[in-house]
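Chemist: Data file entry-v5.pdb (PDB, C-alpha atoms) is appended below.
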ATOM      1  CA  MET A   1      -8.002 -16.323 -15.319  1.00  0.00           C
ATOM      2  CA  ILE A   2     -10.252 -13.801 -13.591  1.00  0.00           C
ATOM      3  CA  ALA A   3      -8.909 -10.269 -14.064  1.00  0.00           C
ATOM      4  CA  SER A   4      -9.721  -7.736 -11.376  1.00  0.00           C
ATOM      5  CA  LEU A   5      -8.811  -4.158 -12.181  1.00  0.00           C
ATOM      6  CA  ALA A   6      -8.490  -0.738 -10.622  1.00  0.00           C
ATOM      7  CA  GLY A   7      -6.614   2.317 -11.762  1.00  0.00           C
ATOM      8  CA  ARG A   8      -6.457   5.999 -12.384  1.00  0.00           C
ATOM      9  CA  ARG A   9      -9.296   8.142 -13.533  1.00  0.00           C
ATOM     10  CA  ILE A  10      -8.626  10.645 -16.305  1.00  0.00           C
ATOM     11  CA  ASP A  11      -7.057  13.763 -14.811  1.00  0.00           C
ATOM     12  CA  ALA A  12      -9.049  16.884 -14.149  1.00  0.00           C
ATOM     13  CA  ALA A  13      -7.934  19.855 -16.266  1.00  0.00           C
ATOM     14  CA  ASP A  14      -6.081  21.390 -13.305  1.00  0.00           C
ATOM     15  CA  ALA A  15      -4.484  18.164 -12.005  1.00  0.00           C
ATOM     16  CA  ASP A  16      -1.072  18.548 -10.396  1.00  0.00           C
ATOM     17  CA  PRO A  17       0.673  16.190 -10.617  1.00  0.00           C
ATOM     18  CA  MET A  18      -0.685  14.607 -13.761  1.00  0.00           C
ATOM     19  CA  ARG A  19      -1.433  10.908 -13.255  1.00  0.00           C
ATOM     20  CA  PHE A  20      -3.581  10.096 -16.309  1.00  0.00           C
ATOM     21  CA  PRO A  21      -3.652  12.863 -18.926  1.00  0.00           C
ATOM     22  CA  GLU A  22      -6.299  12.373 -21.596  1.00  0.00           C
ATOM     23  CA  THR A  23      -3.534  12.360 -24.229  1.00  0.00           C
ATOM     24  CA  ARG A  24      -2.543   8.875 -22.938  1.00  0.00           C
ATOM     25  CA  GLU A  25      -6.026   7.397 -23.309  1.00  0.00           C
ATOM     26  CA  GLY A  26      -5.421   5.525 -26.586  1.00  0.00           C
ATOM     27  CA  LEU A  27      -2.077   4.094 -25.490  1.00  0.00           C
ATOM     28  CA  VAL A  28      -3.429   2.925 -22.145  1.00  0.00           C
ATOM     29  CA  ALA A  29      -6.472   1.356 -23.816  1.00  0.00           C
ATOM     30  CA  LYS A  30      -4.128  -0.692 -26.036  1.00  0.00           C
ATOM     31  CA  ARG A  31      -2.029  -1.730 -23.029  1.00  0.00           C
ATOM     32  CA  ILE A  32      -5.101  -2.858 -21.102  1.00  0.00           C
ATOM     33  CA  ALA A  33      -6.438  -4.852 -24.069  1.00  0.00           C
ATOM     34  CA  ALA A  34      -3.065  -6.517 -24.626  1.00  0.00           C
ATOM     35  CA  THR A  35      -2.768  -7.426 -20.942  1.00  0.00           C
ATOM     36  CA  LEU A  36      -6.251  -8.974 -20.839  1.00  0.00           C
ATOM     37  CA  THR A  37      -5.336 -11.081 -23.873  1.00  0.00           C
ATOM     38  CA  GLU A  38      -1.862 -12.035 -22.585  1.00  0.00           C
ATOM     39  CA  ARG A  39      -3.333 -13.080 -19.236  1.00  0.00           C
ATOM     40  CA  GLY A  40      -6.056 -15.140 -20.889  1.00  0.00           C
ATOM     41  CA  ALA A  41      -8.758 -13.265 -18.999  1.00  0.00           C
ATOM     42  CA  THR A  42     -12.065 -15.113 -18.946  1.00  0.00           C
ATOM     43  CA  THR A  43     -13.891 -12.480 -16.878  1.00  0.00           C
ATOM     44  CA  LEU A  44     -13.141  -8.880 -15.900  1.00  0.00           C
ATOM     45  CA  VAL A  45     -14.221  -7.475 -12.524  1.00  0.00           C
ATOM     46  CA  CYS A  46     -13.952  -3.724 -11.932  1.00  0.00           C
ATOM     47  CA  ALA A  47     -15.887  -0.539 -11.267  1.00  0.00           C
ATOM     48  CA  ALA A  48     -16.869   1.805 -14.117  1.00  0.00           C
ATOM     49  CA  ALA A  49     -15.192   5.157 -13.440  1.00  0.00           C
ATOM     50  CA  CYS A  50     -13.846   7.305 -16.261  1.00  0.00           C
ATOM     51  CA  GLY A  51     -10.336   6.328 -17.260  1.00  0.00           C
ATOM     52  CA  ALA A  52      -8.907   2.882 -16.537  1.00  0.00           C
ATOM     53  CA  ASP A  53     -12.198   1.191 -15.614  1.00  0.00           C
ATOM     54  CA  LEU A  54     -14.183   2.220 -18.674  1.00  0.00           C
ATOM     55  CA  LEU A  55     -11.234   1.595 -21.002  1.00  0.00           C
ATOM     56  CA  ALA A  56     -10.916  -1.918 -19.555  1.00  0.00           C
ATOM     57  CA  LEU A  57     -14.643  -2.606 -19.858  1.00  0.00           C
ATOM     58  CA  GLU A  58     -14.593  -1.509 -23.496  1.00  0.00           C
ATOM     59  CA  ALA A  59     -11.543  -3.696 -24.199  1.00  0.00           C
ATOM     60  CA  ALA A  60     -13.220  -6.685 -22.556  1.00  0.00           C
ATOM     61  CA  GLN A  61     -16.350  -6.110 -24.602  1.00  0.00           C
ATOM     62  CA  ARG A  62     -14.350  -5.995 -27.863  1.00  0.00           C
ATOM     63  CA  GLU A  63     -12.585  -9.245 -26.928  1.00  0.00           C
ATOM     64  CA  GLY A  64     -15.794 -11.017 -25.865  1.00  0.00           C
ATOM     65  CA  ILE A  65     -14.707 -11.199 -22.222  1.00  0.00           C
ATOM     66  CA  PRO A  66     -17.670 -11.020 -19.826  1.00  0.00           C
ATOM     67  CA  ALA A  67     -17.450  -8.274 -17.220  1.00  0.00           C
ATOM     68  CA  ARG A  68     -18.809  -7.894 -13.716  1.00  0.00           C
ATOM     69  CA  ILE A  69     -19.200  -4.221 -12.756  1.00  0.00           C
ATOM     70  CA  VAL A  70     -19.005  -3.437  -9.037  1.00  0.00           C
ATOM     71  CA  LEU A  71     -20.337  -0.030  -7.948  1.00  0.00           C
ATOM     72  CA  PRO A  72     -20.215   1.349  -4.407  1.00  0.00           C
ATOM     73  CA  PHE A  73     -23.635   2.991  -4.649  1.00  0.00           C
ATOM     74  CA  ASP A  74     -26.400   3.519  -7.202  1.00  0.00           C
ATOM     75  CA  ALA A  75     -25.355   3.994 -10.804  1.00  0.00           C
ATOM     76  CA  ALA A  76     -26.785   7.516 -11.174  1.00  0.00           C
ATOM     77  CA  GLU A  77     -24.755   8.857  -8.241  1.00  0.00           C
ATOM     78  CA  PHE A  78     -21.632   7.007  -9.380  1.00  0.00           C
ATOM     79  CA  ARG A  79     -22.037   8.408 -12.903  1.00  0.00           C
ATOM     80  CA  ARG A  80     -22.281  11.935 -11.489  1.00  0.00           C
ATOM     81  CA  SER A  81     -19.340  11.658  -9.089  1.00  0.00           C
ATOM     82  CA  SER A  82     -16.895   9.375 -10.902  1.00  0.00           C
ATOM     83  CA  VAL A  83     -17.651   9.551 -14.612  1.00  0.00           C
ATOM     84  CA  VAL A  84     -19.060  12.755 -16.112  1.00  0.00           C
ATOM     85  CA  ASP A  85     -17.064  15.061 -13.848  1.00  0.00           C
ATOM     86  CA  ARG A  86     -14.301  14.495 -16.450  1.00  0.00           C
ATOM     87  CA  GLY A  87     -16.537  15.027 -19.472  1.00  0.00           C
ATOM     88  CA  GLU A  88     -19.880  13.899 -20.792  1.00  0.00           C
ATOM     89  CA  GLY A  89     -18.177  11.702 -23.402  1.00  0.00           C
ATOM     90  CA  TRP A  90     -17.371   9.286 -20.596  1.00  0.00           C
ATOM     91  CA  GLY A  91     -21.052   9.298 -19.632  1.00  0.00           C
ATOM     92  CA  ALA A  92     -22.145   7.789 -22.947  1.00  0.00           C
ATOM     93  CA  ALA A  93     -19.694   4.891 -22.565  1.00  0.00           C
ATOM     94  CA  PHE A  94     -20.783   4.382 -18.946  1.00  0.00           C
ATOM     95  CA  ASP A  95     -24.472   4.315 -19.871  1.00  0.00           C
ATOM     96  CA  ARG A  96     -23.949   1.802 -22.677  1.00  0.00           C
ATOM     97  CA  LEU A  97     -21.720  -0.513 -20.638  1.00  0.00           C
ATOM     98  CA  ILE A  98     -23.965  -0.411 -17.557  1.00  0.00           C
ATOM     99  CA  ASP A  99     -27.067  -1.126 -19.647  1.00  0.00           C
ATOM    100  CA  GLU A 100     -25.376  -4.079 -21.347  1.00  0.00           C
ATOM    101  CA  ALA A 101     -24.085  -5.450 -18.036  1.00  0.00           C
ATOM    102  CA  ARG A 102     -27.494  -5.080 -16.384  1.00  0.00           C
ATOM    103  CA  ALA A 103     -29.081  -7.049 -19.241  1.00  0.00           C
ATOM    104  CA  ARG A 104     -26.953 -10.065 -18.257  1.00  0.00           C
ATOM    105  CA  ASP A 105     -27.094  -9.485 -14.480  1.00  0.00           C
ATOM    106  CA  GLY A 106     -23.502  -8.265 -14.495  1.00  0.00           C
ATOM    107  CA  VAL A 107     -23.786  -5.254 -12.154  1.00  0.00           C
ATOM    108  CA  LEU A 108     -23.261  -5.502  -8.407  1.00  0.00           C
ATOM    109  CA  ILE A 109     -24.392  -2.439  -6.413  1.00  0.00           C
ATOM    110  CA  LEU A 110     -22.853  -2.536  -2.932  1.00  0.00           C
ATOM    111  CA  GLY A 111     -25.239  -0.026  -1.362  1.00  0.00           C
ATOM    112  CA  LEU A 112     -22.476   1.854   0.457  1.00  0.00           C
ATOM    113  CA  ASP A 113     -22.800   5.395   1.765  1.00  0.00           C
ATOM    114  CA  ALA A 114     -21.387   7.832  -0.812  1.00  0.00           C
ATOM    115  CA  HIS A 115     -20.167  10.034   2.056  1.00  0.00           C
ATOM    116  CA  ASP A 116     -18.213   7.258   3.796  1.00  0.00           C
ATOM    117  CA  PRO A 117     -14.533   8.299   3.651  1.00  0.00           C
ATOM    118  CA  HIS A 118     -13.576   4.658   3.003  1.00  0.00           C
ATOM    119  CA  VAL A 119     -16.167   3.937   0.309  1.00  0.00           C
ATOM    120  CA  TYR A 120     -13.607   3.369  -2.463  1.00  0.00           C
ATOM    121  CA  GLU A 121     -11.368   1.167  -0.321  1.00  0.00           C
ATOM    122  CA  LYS A 122     -14.435  -0.957   0.457  1.00  0.00           C
ATOM    123  CA  THR A 123     -15.276  -1.073  -3.240  1.00  0.00           C
ATOM    124  CA  ASN A 124     -11.735  -2.246  -4.076  1.00  0.00           C
ATOM    125  CA  GLU A 125     -12.098  -5.031  -1.540  1.00  0.00           C
ATOM    126  CA  ALA A 126     -15.471  -6.034  -2.999  1.00  0.00           C
ATOM    127  CA  ILE A 127     -13.950  -6.148  -6.513  1.00  0.00           C
ATOM    128  CA  LEU A 128     -11.221  -8.482  -5.293  1.00  0.00           C
ATOM    129  CA  ASP A 129     -13.660 -10.619  -3.288  1.00  0.00           C
ATOM    130  CA  GLU A 130     -15.959 -10.934  -6.321  1.00  0.00           C
ATOM    131  CA  ALA A 131     -13.009 -11.978  -8.501  1.00  0.00           C
ATOM    132  CA  LEU A 132     -11.941 -14.549  -5.903  1.00  0.00           C
ATOM    133  CA  ALA A 133     -15.465 -15.941  -5.686  1.00  0.00           C
ATOM    134  CA  LEU A 134     -15.574 -16.319  -9.489  1.00  0.00           C
ATOM    135  CA  ALA A 135     -12.246 -18.183  -9.291  1.00  0.00           C
ATOM    136  CA  GLY A 136     -13.563 -20.627  -6.691  1.00  0.00           C
ATOM    137  CA  ASN A 137     -11.685 -18.772  -3.923  1.00  0.00           C
ATOM    138  CA  ASP A 138      -8.358 -19.711  -5.495  1.00  0.00           C
ATOM    139  CA  PRO A 139      -6.020 -16.680  -5.541  1.00  0.00           C
ATOM    140  CA  ALA A 140      -3.957 -18.374  -8.277  1.00  0.00           C
ATOM    141  CA  GLY A 141      -6.961 -17.970 -10.587  1.00  0.00           C
ATOM    142  CA  VAL A 142      -7.051 -14.174 -10.180  1.00  0.00           C
ATOM    143  CA  VAL A 143      -4.795 -11.364 -11.285  1.00  0.00           C
ATOM    144  CA  ALA A 144      -5.085  -7.800  -9.981  1.00  0.00           C
ATOM    145  CA  LEU A 145      -4.364  -5.327 -12.768  1.00  0.00           C
ATOM    146  CA  ALA A 146      -3.363  -1.870 -11.513  1.00  0.00           C
ATOM    147  CA  VAL A 147      -3.454   0.843 -14.172  1.00  0.00           C
ATOM    148  CA  TRP A 148      -0.996   3.375 -12.776  1.00  0.00           C
ATOM    149  CA  ASP A 149       2.641   4.392 -12.447  1.00  0.00           C
ATOM    150  CA  GLY A 150       2.910   3.917  -8.689  1.00  0.00           C
ATOM    151  CA  ALA A 151       1.716   5.729  -5.616  1.00  0.00           C
ATOM    152  CA  ILE A 152       1.792   9.485  -5.205  1.00  0.00           C
ATOM    153  CA  SER A 153       3.033  10.168  -1.683  1.00  0.00           C
ATOM    154  CA  GLY A 154       1.012  12.332   0.645  1.00  0.00           C
ATOM    155  CA  ARG A 155      -2.362  11.615  -0.995  1.00  0.00           C
ATOM    156  CA  ALA A 156      -5.078   9.045  -0.551  1.00  0.00           C
ATOM    157  CA  ASP A 157      -4.315   6.522  -3.241  1.00  0.00           C
ATOM    158  CA  TYR A 158      -7.054   4.060  -4.080  1.00  0.00           C
ATOM    159  CA  THR A 159      -4.961   2.174  -6.628  1.00  0.00           C
ATOM    160  CA  ALA A 160      -2.252   1.590  -4.009  1.00  0.00           C
ATOM    161  CA  ASN A 161      -5.006   0.389  -1.681  1.00  0.00           C
ATOM    162  CA  PHE A 162      -6.175  -2.031  -4.389  1.00  0.00           C
ATOM    163  CA  THR A 163      -2.690  -3.507  -4.861  1.00  0.00           C
ATOM    164  CA  ASP A 164      -2.173  -3.852  -1.099  1.00  0.00           C
ATOM    165  CA  ALA A 165      -5.567  -5.537  -0.658  1.00  0.00           C
ATOM    166  CA  ALA A 166      -4.824  -7.909  -3.548  1.00  0.00           C
ATOM    167  CA  ARG A 167      -1.468  -8.942  -2.108  1.00  0.00           C
ATOM    168  CA  ALA A 168      -3.084  -9.475   1.315  1.00  0.00           C
ATOM    169  CA  ARG A 169      -5.426 -11.981  -0.383  1.00  0.00           C
ATOM    170  CA  GLY A 170      -2.535 -13.777  -2.109  1.00  0.00           C
ATOM    171  CA  ILE A 171      -3.467 -12.370  -5.535  1.00  0.00           C
ATOM    172  CA  ALA A 172      -0.695 -11.573  -8.016  1.00  0.00           C
ATOM    173  CA  VAL A 173      -0.508  -7.899  -9.029  1.00  0.00           C
ATOM    174  CA  GLN A 174       0.488  -6.608 -12.447  1.00  0.00           C
ATOM    175  CA  SER A 175       0.870  -2.908 -13.173  1.00  0.00           C
ATOM    176  CA  ILE A 176      -0.142  -1.394 -16.499  1.00  0.00           C
ATOM    177  CA  PRO A 177       1.761   1.892 -16.857  1.00  0.00           C
ATOM    178  CA  ILE A 178       0.213   5.146 -17.964  1.00  0.00           C
ATOM    179  CA  LEU A 179       3.027   7.686 -18.247  1.00  0.00           C
ATOM    180  CA  ARG A 180       6.035   5.531 -19.114  1.00  0.00           C
TER     181      ARG A 180
END
So, in terms of structure tokens, how does the structure I just supplied come out?
Modeler:
Amino acid sequence: MIASLAGRRIDAADADPMRFPETREGLVAKRIAATLTERGATTLVCAAACGADLLALEAAQREGIPARIVLPFDAAEFRRSSVVDRGEGWGAAFDRLIDEARARDGVLILGLDAHDPHVYEKTNEAILDEALALAGNDPAGVVALAVWDGAISGRADYTANFTDAARARGIAVQSIPILR
């Protein structure tokens, strides 16, 4: 089973409402690891933002599950905008995981414009398309794991976009809760 994944980043200190407080990090990491094992994941496909993505990549690494990291634009810009803005501790994990993935040709850089207002929706679609390609274009061989507690109305919600795009491709969606 190819596991594709998207989810919440760790909240900023002033986040309102809270969607992924850092106090939930350990619990969510355990939930992600258990889900990868339960689903029999043979490969993980996701980005590498702080929060759900990096926790999933670390879980996959511990379990010996190969990962394919999909980034919208170059790694240095992604690190700045989606990783270390929540703390440099995330940067060390990002650097290690990216270096290891690069060593086995496991990083896909999409080359998108960082200022494109739809850059993360396009990245979600590329994650799903990569997972489908690895599964021989068989949606039954892919699961979309969404690390979240549901959409927050009135805001752009990239995890909701991921689940919608997965369903449109015939891919089963499983949520991994953060707050409950």
Chemist: Evaluate the PyMOL selection byres ((chain A and resi 2) around 7) here and jot the selected residues down as a PDB file with C-alpha atoms, keeping the file's coordinate frame.
Modeler:
ATOM      1  CA  MET A   1      -8.002 -16.323 -15.319  1.00  0.00           C
ATOM      2  CA  ALA A   3      -8.909 -10.269 -14.064  1.00  0.00           C
ATOM      3  CA  SER A   4      -9.721  -7.736 -11.376  1.00  0.00           C
ATOM      4  CA  ALA A  41      -8.758 -13.265 -18.999  1.00  0.00           C
ATOM      5  CA  THR A  42     -12.065 -15.113 -18.946  1.00  0.00           C
ATOM      6  CA  THR A  43     -13.891 -12.480 -16.878  1.00  0.00           C
ATOM      7  CA  LEU A  44     -13.141  -8.880 -15.900  1.00  0.00           C
ATOM      8  CA  ALA A 131     -13.009 -11.978  -8.501  1.00  0.00           C
ATOM      9  CA  ALA A 135     -12.246 -18.183  -9.291  1.00  0.00           C
ATOM     10  CA  GLY A 141      -6.961 -17.970 -10.587  1.00  0.00           C
ATOM     11  CA  VAL A 142      -7.051 -14.174 -10.180  1.00  0.00           C
ATOM     12  CA  VAL A 143      -4.795 -11.364 -11.285  1.00  0.00           C
TER      13      VAL A 143
END
Chemist: As an MDAnalysis selection string, please: the residues near Gly91 of chain A (cut-off 10 Å, all atoms listed in the file, same-chain neighbours under 4 positions excluded).
Modeler: chainID A and resid 49:50 54 79:80 82:87 95:97
Chemist: Any chance you could resolve the PyMOL selection byres ((chain A and resi 11) around 12) against this file and give the residues as a list in words?
Modeler: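 When the PyMOL selection byres ((chain A and resi 11) around 12) is applied to the shown file, the picked residues are Gly7, Arg8, Arg9, Ile10, Ala12, Ala13, Asp14, Ala15, Asp16, Pro17, Met18, Arg19, Phe20, Pro21, Glu22, Thr23, Arg24, Glu25, Ala49, Cys50, Gly51, Ala52, Ser82, Val83, Asp85, Arg86, Gly87 and Ile178 of chain A.
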Chemist: When you draw a straight line from atom CA of Leu36 of chain A to atom CA of Ala60 of chain A, how long is it in Å?
Modeler: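 Rounded to one decimal, the two atoms are 7.5 Å apart.
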Chemist: From the options A:Val147, A:Ala156, A:Ala76, A:Ala47, which residue's atoms come nearest to Ala101 of chain A, counting only C-alpha atoms?
Modeler: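 Among the listed residues, the smallest separation from Ala101 of chain A belongs to A:Ala47.
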Chemist: Work out how far atom CA of Gln174 of chain A is from atom CA of Leu145 of chain A, in Å to one decimal.
Modeler: 5.0 Å
Chemist: Which residue out of A:Asp116, A:Asp105, A:Leu110, A:Ala166 has the minimum interatomic distance to Asp74 of chain A when only C-alpha atoms are used?
Modeler: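 Nearest to Asp74 of chain A: A:Leu110.
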Chemist: Report, in Å with one decimal, the straight-line distance from atom CA of Leu5 of chain A to atom CA of Pro72 of chain A.
Modeler: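 These atoms are spaced 14.9 Å apart.
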Chemist: Care to translate the PyMOL selection byres ((chain A and resi 171) around 9) into actual residues of this file, as a VMD selection string?
Modeler: chain A and resid 128 132 138 to 144 163 165 to 170 172 to 173
Chemist: Write a file of the just-selected residues containing C-alpha atoms, as a JSON list (two decimals), keeping the file's coordinate frame.
Modeler:
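Written output follows (selection_15.json):
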[["chain", "number", "residue", "atom", "x", "y", "z"],
["A", 128, "LEU", "CA", -11.22, -8.48, -5.29],
["A", 132, "LEU", "CA", -11.94, -14.55, -5.90],
["A", 138, "ASP", "CA", -8.36, -19.71, -5.50],
["A", 139, "PRO", "CA", -6.02, -16.68, -5.54],
["A", 140, "ALA", "CA", -3.96, -18.37, -8.28],
["A", 141, "GLY", "CA", -6.96, -17.97, -10.59],
["A", 142, "VAL", "CA", -7.05, -14.17, -10.18],
["A", 143, "VAL", "CA", -4.80, -11.36, -11.28],
["A", 144, "ALA", "CA", -5.08, -7.80, -9.98],
["A", 163, "THR", "CA", -2.69, -3.51, -4.86],
["A", 165, "ALA", "CA", -5.57, -5.54, -0.66],
["A", 166, "ALA", "CA", -4.82, -7.91, -3.55],
["A", 167, "ARG", "CA", -1.47, -8.94, -2.11],
["A", 168, "ALA", "CA", -3.08, -9.48, 1.32],
["A", 169, "ARG", "CA", -5.43, -11.98, -0.38],
["A", 170, "GLY", "CA", -2.54, -13.78, -2.11],
["A", 172, "ALA", "CA", -0.70, -11.57, -8.02],
["A", 173, "VAL", "CA", -0.51, -7.90, -9.03]]
Chemist: As a list of chain:residue names, please: the residues near Thr35 of chain A (cut-off 10 Å, all atoms listed in the file, same-chain neighbours under 2 positions excluded).
Modeler: A:Ala3, A:Ala29, A:Lys30, A:Arg31, A:Ile32, A:Ala33, A:Thr37, A:Glu38, A:Arg39, A:Gly40, A:Ala41, A:Ala56, A:Leu145, A:Gln174, A:Ser175, A:Ile176
Chemist: Between A:Ala67, A:Ala146, A:Ala34, A:Leu57, which has the minimum distance to Ala103 of chain A (counting all atoms listed in the file)?
Modeler: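 Looking only at the distances to Ala103 of chain A, the closest residue turns out to be A:Ala67.
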Chemist: Could you pull out every residue with an atom within 10 Å of (-25.7, -4.9, -6.8), file coordinates, counting all atoms listed in the file, and send them as a list in words?
Modeler: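 Here the neighbourhood of the point contains Ile69, Val70, Leu71, Pro72, Phe73, Asp74, Ala75, Arg102, Asp105, Gly106, Val107, Leu108, Ile109, Leu110 and Gly111 of chain A.
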Chemist: When distances are computed from all atoms listed in the file, which of A:Val45, A:Ile65, A:Ala160, A:Ala59 shows the smallest separation from Tyr120 of chain A?
Modeler: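 Ranked by minimum distance to Tyr120 of chain A, first place goes to A:Ala160.
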Chemist: Report, as JSON, the axis-aligned box around all atoms of segment 172-180 of chain A present in the file, extended by 5 Å on each side; give centre and edge lengths in Å to one decimal place.
Modeler:
{"center_x": 2.7, "center_y": -1.9, "center_z": -13.6, "size_x": 16.7, "size_y": 29.3, "size_z": 21.1}
Chemist: Have a look at A:Asp99, A:Ser81, A:Arg68, A:Ala114 and name the one nearest to Asp129 of chain A; count all atoms listed in the file.
Modeler: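 Of A:Asp99, A:Ser81, A:Arg68, A:Ala114, the one nearest Asp129 of chain A, counting all atoms listed in the file, is A:Arg68.
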Chemist: Go through A:Val28, A:Leu134, A:Val119, A:Ala93 one by one, measure the shortest atom-to-atom distance of each to Asn161 of chain A using all atoms listed in the file, and give the residue with the smallest value.
Modeler: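 That would be A:Val119, the residue with the smallest distance to Asn161 of chain A.
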